[in-house]
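Colleague: Structure incoming, see below.
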Amino acid sequence: MMWNFGFAAGVAAVAIGVIAGGAQAQGQGGMPPKQVGVVEMTRQEVPRIVTLPGRAVAASATAIRPRVGGIVTEILYQPGKQIEAGTPMFRIEDTTYQANLAGAEAQVASAEAQVTQAQSAYDRTEQLLGSGATQAQAETARATLDQARAAVQSAQAALTLARAELGWTTVTSPISGIASVSETSVGDLVTAGQAEAMATVTQLDPIEVDMYEPSSRFLSVLDDINDGNLRLNDELNATLTLENGRVYQAVGELVAPGVTVSTSTGSIDTRFRFANPDNLLLPGMFLRGQVELGVTQAFLVSQSAASRDKIGNLSAWVVEDGRVTQRQLTEDGSYEQQWVVTDGLENGDMLVVDGLAGLSEGAEVVSVPVTFDENGVVRDVPADDAPAADDATDPETQAAQDDAPATE
């Protein structure tokens, strides 16, 4: 009985020793290095695209007002429909203007008769000059003829005005565009030069978009050009993103660059023109514009691989000699869901893009080369395409693999 008890105590001591030894070995060995996916950084030419807030404005819009007064007798157009320049929109009662035209025509006829009479008197005076008429009489006849001719010109001017006023009783659109609902009803009295518009006509195709760029960014672009960091395109074009996130298909062309800075917003207003055949863009609509300025030398860093701190500084993890270190990055906008990084990286740097959770400064890692597919998802690089340097593992892991028994 005593022997059994001693034997059991010995077995227990051995078990405790084995457990303690295993725990000590585990403490000495620690956790294996974490695997992280990396991509090699290469400086390249990247399109310099700036995103700007914008607002659509009509390329042309006009308020329709009467040029003569009278009672509105007809509304000749359909609201909301496309009309062409010169299309009749309203008709004003024209009896008065027809009478004025007839009176003006009579004045012209009377003035022309006076010219005929004055011409005959002048011709007779010229023939009798020296025998039955004096030089003074000839000069008087000449003056009467000139006055008659001037009266004809005045009467013709009045006739032209009377004819124009009669034509103005039909109110037409000076531009092509979409006509609004009429603000005037049949039977309303309108006056020439009134403040209230009878309707409006707005040209929607093409349409223009004002984009607002902060003056500080404008100065930054100038600095990049002067330093040789940015090569401008020969032409500046723009694309649009609608309020629902949809990308507008048409490409806009620069109409007028901004030359003044707003005193209220500190921004520069630049205008672009876009084709709008479907009238999808309407004046007053808020938009987001992307303007491609040119190309710059920079690194493309996936937005999922970088993070910002509380004050907005951008940083990413880089593998150096088997350990990770955090780099502060300087970005200059984005391109296709990637940050355009101009400072903080060098050619050949191994940027950590996968396995970012739990990383700490100086932590030992195993680098695994990865790439991004067309949807921006991290994928492993095929073994044939992986660089030799990226396949290297740490000495302890390699020794463990060499000592492992071969398997069929």
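In the structure tokens, chains take the letters A, B, ... in the order shown, each chain's residues start at 1, and ligands count up from 1 in the order shown.
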Per residue of segment 32-150 of chain A within 8 Å of segment 180-202 of chain A, what are the shortest atom pair and its distance in Å to one decimal, counting only C-alpha atoms, with rows by chain and residue number, as CSV?
Modeller:
residue,atom,partner,partner_atom,distance
A:Ala58,CA,A:Thr202,CA,6.6
A:Ser60,CA,A:Thr202,CA,6.2
A:Ala61,CA,A:Thr202,CA,4.3
A:Thr62,CA,A:Val201,CA,5.5
A:Ala63,CA,A:Thr200,CA,4.5
A:Ile64,CA,A:Ala199,CA,5.2
A:Arg65,CA,A:Ala197,CA,5.1
A:Pro66,CA,A:Ala192,CA,5.4
A:Arg67,CA,A:Ala192,CA,4.5
A:Val68,CA,A:Ala192,CA,4.4
A:Gly69,CA,A:Thr191,CA,3.9
A:Gly70,CA,A:Leu189,CA,5.5
A:Ile71,CA,A:Leu189,CA,4.5
A:Val72,CA,A:Val186,CA,5.1
A:Thr73,CA,A:Val186,CA,5.3
A:Glu74,CA,A:Val186,CA,5.9
A:Ile75,CA,A:Val186,CA,7.0
A:Pro79,CA,A:Val181,CA,4.9
A:Gly80,CA,A:Ser180,CA,5.7
Colleague: Please, could you write that set of residues out with N, CA, C and O atoms as a compact mmCIF listing (two decimals), in the first residue's frame?
Modeller:
# COMPACT_ATOMS: atom_id res chain seq x y z
N ALA A 58 -28.05 77.69 -66.42
CA ALA A 58 -28.50 77.70 -67.80
C ALA A 58 -27.51 78.45 -68.67
O ALA A 58 -27.01 79.51 -68.29
N SER A 60 -28.28 79.88 -71.32
CA SER A 60 -28.99 81.10 -71.70
C SER A 60 -30.42 81.00 -71.17
O SER A 60 -31.06 79.94 -71.28
N ALA A 61 -30.91 82.08 -70.59
CA ALA A 61 -32.28 82.13 -70.09
C ALA A 61 -32.79 83.56 -70.26
O ALA A 61 -32.04 84.52 -70.05
N THR A 62 -34.04 83.68 -70.69
CA THR A 62 -34.58 85.01 -70.94
C THR A 62 -35.98 85.13 -70.36
O THR A 62 -36.75 84.16 -70.36
N ALA A 63 -36.28 86.32 -69.85
CA ALA A 63 -37.62 86.63 -69.37
C ALA A 63 -38.39 87.30 -70.51
O ALA A 63 -37.91 88.27 -71.11
N ILE A 64 -39.54 86.78 -70.81
CA ILE A 64 -40.36 87.30 -71.91
C ILE A 64 -41.21 88.45 -71.38
O ILE A 64 -42.05 88.26 -70.50
N ARG A 65 -40.98 89.64 -71.93
CA ARG A 65 -41.76 90.82 -71.56
C ARG A 65 -42.30 91.50 -72.82
O ARG A 65 -41.68 91.42 -73.88
N PRO A 66 -43.43 92.19 -72.70
CA PRO A 66 -44.01 92.86 -73.88
C PRO A 66 -43.25 94.14 -74.22
O PRO A 66 -42.72 94.81 -73.34
N ARG A 67 -43.19 94.45 -75.52
CA ARG A 67 -42.58 95.69 -75.97
C ARG A 67 -43.62 96.75 -76.30
O ARG A 67 -43.28 97.91 -76.56
N VAL A 68 -44.90 96.34 -76.29
CA VAL A 68 -46.02 97.28 -76.47
C VAL A 68 -47.08 96.93 -75.45
O VAL A 68 -47.10 95.82 -74.90
N GLY A 69 -47.96 97.87 -75.17
CA GLY A 69 -49.03 97.65 -74.20
C GLY A 69 -50.32 97.25 -74.88
O GLY A 69 -50.54 97.51 -76.07
N GLY A 70 -51.19 96.58 -74.09
CA GLY A 70 -52.50 96.20 -74.60
C GLY A 70 -53.05 94.99 -73.87
O GLY A 70 -52.45 94.50 -72.90
N ILE A 71 -54.17 94.51 -74.35
CA ILE A 71 -54.84 93.36 -73.77
C ILE A 71 -54.32 92.09 -74.43
O ILE A 71 -54.21 91.99 -75.66
N VAL A 72 -53.97 91.09 -73.61
CA VAL A 72 -53.53 89.79 -74.14
C VAL A 72 -54.75 89.06 -74.68
O VAL A 72 -55.73 88.83 -73.96
N THR A 73 -54.69 88.68 -75.96
CA THR A 73 -55.82 88.01 -76.60
C THR A 73 -55.59 86.51 -76.80
O THR A 73 -56.56 85.76 -76.89
N GLU A 74 -54.33 86.07 -76.89
CA GLU A 74 -54.05 84.65 -77.11
C GLU A 74 -52.73 84.25 -76.44
O GLU A 74 -51.80 85.07 -76.37
N ILE A 75 -52.68 83.00 -75.97
CA ILE A 75 -51.43 82.37 -75.55
C ILE A 75 -51.14 81.27 -76.56
O ILE A 75 -51.93 80.33 -76.72
N PRO A 79 -46.65 75.18 -72.44
CA PRO A 79 -45.60 75.21 -71.40
C PRO A 79 -44.88 73.87 -71.31
O PRO A 79 -45.47 72.80 -71.48
N GLY A 80 -43.56 73.94 -71.02
CA GLY A 80 -42.77 72.74 -70.84
C GLY A 80 -42.28 72.11 -72.13
O GLY A 80 -41.57 71.10 -72.08
Colleague: DSSP on the backbone: which residues in segment 20-266 of chain A end up as strand (DSSP E)? Give the answer as JSON, numbers by chain.
Modeller: {"A": [34, 35, 36, 37, 38, 39, 40, 44, 45, 46, 47, 48, 49, 50, 51, 52, 53, 54, 55, 56, 57, 58, 59, 60, 61, 62, 63, 64, 70, 71, 72, 73, 74, 75, 82, 83, 88, 89, 90, 91, 92, 170, 171, 172, 177, 178, 179, 189, 190, 199, 200, 201, 202, 203, 204, 205, 206, 207, 208, 209, 210, 211, 212, 213, 214, 230, 231, 232, 237, 238, 239, 240, 241, 247, 248, 249, 250, 251, 252, 253, 254, 255, 256]}
Colleague: What's the 7 Å shell around segment 261-272 of chain A, counting only C-alpha atoms, without same-chain residues fewer than 4 positions away, as a short mmCIF file (atom, residue, chain, number, x, y, z; two decimals) with all heavy atoms, in the first residue's frame?
Modeller:
data_model
loop_
_atom_site.label_atom_id
_atom_site.label_comp_id
_atom_site.auth_asym_id
_atom_site.auth_seq_id
_atom_site.Cartn_x
_atom_site.Cartn_y
_atom_site.Cartn_z
N GLU A 208 -24.37 74.67 -68.65
CA GLU A 208 -23.06 75.01 -68.09
C GLU A 208 -23.04 74.74 -66.59
O GLU A 208 -24.09 74.78 -65.92
CB GLU A 208 -22.73 76.47 -68.39
CG GLU A 208 -22.60 76.71 -69.89
CD GLU A 208 -22.29 78.16 -70.24
OE1 GLU A 208 -22.35 79.01 -69.33
OE2 GLU A 208 -22.01 78.44 -71.41
N VAL A 209 -21.86 74.44 -66.08
CA VAL A 209 -21.68 74.11 -64.66
C VAL A 209 -20.56 74.96 -64.10
O VAL A 209 -19.45 74.98 -64.64
CB VAL A 209 -21.36 72.61 -64.47
CG1 VAL A 209 -21.10 72.31 -63.00
CG2 VAL A 209 -22.50 71.75 -65.00
N ASP A 210 -20.86 75.68 -63.04
CA ASP A 210 -19.85 76.44 -62.32
C ASP A 210 -19.23 75.55 -61.25
O ASP A 210 -19.94 74.98 -60.42
CB ASP A 210 -20.45 77.68 -61.66
CG ASP A 210 -20.81 78.76 -62.66
OD1 ASP A 210 -20.17 78.78 -63.73
OD2 ASP A 210 -21.72 79.55 -62.39
N MET A 211 -17.90 75.43 -61.30
CA MET A 211 -17.17 74.64 -60.29
C MET A 211 -16.31 75.58 -59.47
O MET A 211 -15.70 76.51 -60.00
CB MET A 211 -16.32 73.57 -60.97
CG MET A 211 -17.13 72.56 -61.75
SD MET A 211 -16.12 71.21 -62.40
CE MET A 211 -17.33 70.38 -63.44
N TYR A 212 -16.26 75.31 -58.16
CA TYR A 212 -15.64 76.22 -57.22
C TYR A 212 -14.39 75.59 -56.62
O TYR A 212 -14.48 74.57 -55.93
CB TYR A 212 -16.64 76.60 -56.12
CG TYR A 212 -17.96 77.10 -56.67
CD1 TYR A 212 -19.05 76.25 -56.82
CD2 TYR A 212 -18.09 78.42 -57.07
CE1 TYR A 212 -20.24 76.70 -57.34
CE2 TYR A 212 -19.28 78.89 -57.59
CZ TYR A 212 -20.35 78.03 -57.73
OH TYR A 212 -21.53 78.47 -58.26
N GLU A 213 -13.25 76.19 -56.88
CA GLU A 213 -11.97 75.69 -56.39
C GLU A 213 -11.41 76.64 -55.35
O GLU A 213 -11.32 77.85 -55.59
CB GLU A 213 -10.98 75.54 -57.53
CG GLU A 213 -9.63 75.01 -57.10
CD GLU A 213 -8.66 74.89 -58.26
OE1 GLU A 213 -8.86 75.58 -59.27
OE2 GLU A 213 -7.70 74.11 -58.14
N PRO A 214 -11.02 76.15 -54.17
CA PRO A 214 -10.43 77.04 -53.16
C PRO A 214 -9.16 77.69 -53.71
O PRO A 214 -8.37 77.07 -54.43
CB PRO A 214 -10.10 76.09 -52.01
CG PRO A 214 -11.00 74.91 -52.21
CD PRO A 214 -11.17 74.76 -53.69
N SER A 215 -8.97 78.94 -53.37
CA SER A 215 -7.81 79.66 -53.87
C SER A 215 -6.51 79.05 -53.36
O SER A 215 -5.48 79.10 -54.03
CB SER A 215 -7.89 81.14 -53.45
OG SER A 215 -8.00 81.26 -52.03
N GLY A 252 -17.31 67.58 -70.21
CA GLY A 252 -17.46 69.01 -70.38
C GLY A 252 -16.17 69.68 -70.81
O GLY A 252 -15.07 69.22 -70.48
N GLU A 253 -16.32 70.77 -71.54
CA GLU A 253 -15.17 71.55 -71.98
C GLU A 253 -15.14 72.88 -71.26
O GLU A 253 -16.18 73.42 -70.87
CB GLU A 253 -15.22 71.78 -73.50
CG GLU A 253 -16.46 72.53 -73.97
CD GLU A 253 -16.49 72.75 -75.47
OE1 GLU A 253 -15.60 72.24 -76.17
OE2 GLU A 253 -17.43 73.43 -75.94
N LEU A 254 -13.92 73.37 -71.06
CA LEU A 254 -13.75 74.63 -70.34
C LEU A 254 -14.32 75.79 -71.15
O LEU A 254 -14.02 75.94 -72.33
CB LEU A 254 -12.26 74.86 -70.07
CG LEU A 254 -11.90 76.14 -69.32
CD1 LEU A 254 -12.44 76.12 -67.91
CD2 LEU A 254 -10.38 76.34 -69.31
N VAL A 255 -15.17 76.60 -70.50
CA VAL A 255 -15.73 77.78 -71.13
C VAL A 255 -14.95 79.03 -70.73
O VAL A 255 -14.53 79.81 -71.58
CB VAL A 255 -17.22 77.95 -70.75
CG1 VAL A 255 -17.78 79.25 -71.31
CG2 VAL A 255 -18.02 76.76 -71.26
N ALA A 256 -14.75 79.19 -69.44
CA ALA A 256 -14.05 80.37 -68.95
C ALA A 256 -13.38 80.05 -67.63
O ALA A 256 -14.05 79.58 -66.70
CB ALA A 256 -15.00 81.55 -68.79
N PRO A 257 -12.07 80.26 -67.52
CA PRO A 257 -11.40 80.06 -66.22
C PRO A 257 -11.73 81.21 -65.28
O PRO A 257 -12.05 82.32 -65.70
CB PRO A 257 -9.92 80.06 -66.60
CG PRO A 257 -9.85 80.89 -67.85
CD PRO A 257 -11.14 80.66 -68.58
#
Colleague: If I take atom CA of Thr116 of chain A and atom CA of Ala150 of chain A, how far is one from the other in Å, to one decimal?
Modeller: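 We find that atom CA of Thr116 of chain A and atom CA of Ala150 of chain A lie 12.8 Å from each other.
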Colleague: Report the residues of segment 131-309 of chain A whose backbone DSSP state falls under helix (DSSP H, G or I), written as a VMD selection string.
Modeller: chain A and resid 135 to 168 215 to 226 303 to 305
Colleague: Taking only C-alpha atoms into account, name the residue in A:Thr96, A:Gln326, A:Gln156, A:Gln107 that is nearest to Leu314 of chain A.
Modeller: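 Smallest distance to Leu314 of chain A is found for A:Gln326.
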Colleague: Can you measure atom CA of Leu76 of chain A to atom CA of Gly284 of chain A for me? One decimal in Å is fine.
Modeller: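 So the answer is 28.0 Å.
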Colleague: Of the candidates A:Thr169, A:Ser315, A:Thr241, A:Thr371, which one gets nearest to Gly344 of chain A if we count only C-alpha atoms?
Modeller: A:Ser315
Colleague: Grab the atom CA of Ser120 of chain A to atom CA of Ala138 of chain A distance for me, in Å with one decimal place.
Modeller: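 Computing the Euclidean distance for atom CA of Ser120 of chain A and atom CA of Ala138 of chain A yields 11.9 Å.
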Colleague: Compile the contact shell of Tyr335 of chain A as a JSON list (two decimals) with all heavy atoms, in the first residue's frame: residues with an atom at most 8 Å away, counting only C-alpha atoms, same-chain residues fewer than 4 positions apart removed.
Modeller:
[["chain", "number", "residue", "atom", "x", "y", "z"],
["A", 46, "VAL", "N", 0.72, 59.59, -62.61],
["A", 46, "VAL", "CA", -0.66, 59.44, -62.17],
["A", 46, "VAL", "C", -1.46, 60.65, -62.63],
["A", 46, "VAL", "O", -1.00, 61.79, -62.48],
["A", 46, "VAL", "CB", -0.73, 59.33, -60.63],
["A", 46, "VAL", "CG1", -2.17, 59.16, -60.17],
["A", 46, "VAL", "CG2", 0.13, 58.17, -60.14],
["A", 47, "PRO", "N", -2.64, 60.44, -63.20],
["A", 47, "PRO", "CA", -3.48, 61.59, -63.56],
["A", 47, "PRO", "C", -3.80, 62.43, -62.33],
["A", 47, "PRO", "O", -4.19, 61.89, -61.29],
["A", 47, "PRO", "CB", -4.73, 60.94, -64.16],
["A", 47, "PRO", "CG", -4.29, 59.59, -64.60],
["A", 47, "PRO", "CD", -3.23, 59.17, -63.62],
["A", 48, "ARG", "N", -3.62, 63.72, -62.47],
["A", 48, "ARG", "CA", -3.93, 64.65, -61.36],
["A", 48, "ARG", "C", -5.38, 65.10, -61.54],
["A", 48, "ARG", "O", -5.70, 65.90, -62.43],
["A", 48, "ARG", "CB", -2.97, 65.84, -61.40],
["A", 48, "ARG", "CG", -3.24, 66.91, -60.34],
["A", 48, "ARG", "CD", -2.78, 66.46, -58.98],
["A", 48, "ARG", "NE", -2.85, 67.55, -58.03],
["A", 48, "ARG", "CZ", -1.87, 68.45, -57.83],
["A", 48, "ARG", "NH1", -0.74, 68.34, -58.51],
["A", 48, "ARG", "NH2", -2.00, 69.42, -56.94],
["A", 49, "ILE", "N", -6.25, 64.56, -60.71],
["A", 49, "ILE", "CA", -7.68, 64.84, -60.81],
["A", 49, "ILE", "C", -8.13, 65.53, -59.52],
["A", 49, "ILE", "O", -7.86, 65.03, -58.43],
["A", 49, "ILE", "CB", -8.50, 63.56, -61.04],
["A", 49, "ILE", "CG1", -8.08, 62.90, -62.36],
["A", 49, "ILE", "CG2", -9.99, 63.86, -61.07],
["A", 49, "ILE", "CD1", -8.75, 61.58, -62.62],
["A", 300, "LEU", "N", 0.64, 55.24, -55.88],
["A", 300, "LEU", "CA", -0.76, 54.94, -55.68],
["A", 300, "LEU", "C", -0.88, 53.99, -54.49],
["A", 300, "LEU", "O", -0.34, 52.88, -54.51],
["A", 300, "LEU", "CB", -1.37, 54.31, -56.93],
["A", 300, "LEU", "CG", -1.55, 55.26, -58.12],
["A", 300, "LEU", "CD1", -2.13, 54.50, -59.31],
["A", 300, "LEU", "CD2", -2.45, 56.43, -57.75],
["A", 339, "TRP", "N", -5.10, 56.58, -52.86],
["A", 339, "TRP", "CA", -4.51, 57.87, -52.54],
["A", 339, "TRP", "C", -3.33, 58.14, -53.47],
["A", 339, "TRP", "O", -2.54, 57.24, -53.76],
["A", 339, "TRP", "CB", -4.02, 57.91, -51.10],
["A", 339, "TRP", "CG", -5.10, 57.80, -50.07],
["A", 339, "TRP", "CD1", -5.26, 56.82, -49.14],
["A", 339, "TRP", "CD2", -6.18, 58.72, -49.84],
["A", 339, "TRP", "NE1", -6.35, 57.06, -48.36],
["A", 339, "TRP", "CE2", -6.94, 58.22, -48.76],
["A", 339, "TRP", "CE3", -6.56, 59.91, -50.45],
["A", 339, "TRP", "CZ2", -8.07, 58.88, -48.29],
["A", 339, "TRP", "CZ3", -7.69, 60.57, -49.98],
["A", 339, "TRP", "CH2", -8.42, 60.05, -48.91],
["A", 340, "VAL", "N", -3.23, 59.38, -53.92],
["A", 340, "VAL", "CA", -2.07, 59.80, -54.70],
["A", 340, "VAL", "C", -1.05, 60.37, -53.72],
["A", 340, "VAL", "O", -1.20, 61.50, -53.23],
["A", 340, "VAL", "CB", -2.47, 60.85, -55.76],
["A", 340, "VAL", "CG1", -1.25, 61.31, -56.55],
["A", 340, "VAL", "CG2", -3.53, 60.30, -56.69]]
Colleague: Let me make sure I understand: among A:Leu240, A:Leu128, A:Ala102, A:Leu230, which one has the smallest atom-to-atom distance to Phe286 of chain A if we use only C-alpha atoms?
Modeller: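 Ranking A:Leu240, A:Leu128, A:Ala102, A:Leu230 by distance to Phe286 of chain A, first place goes to A:Leu240.
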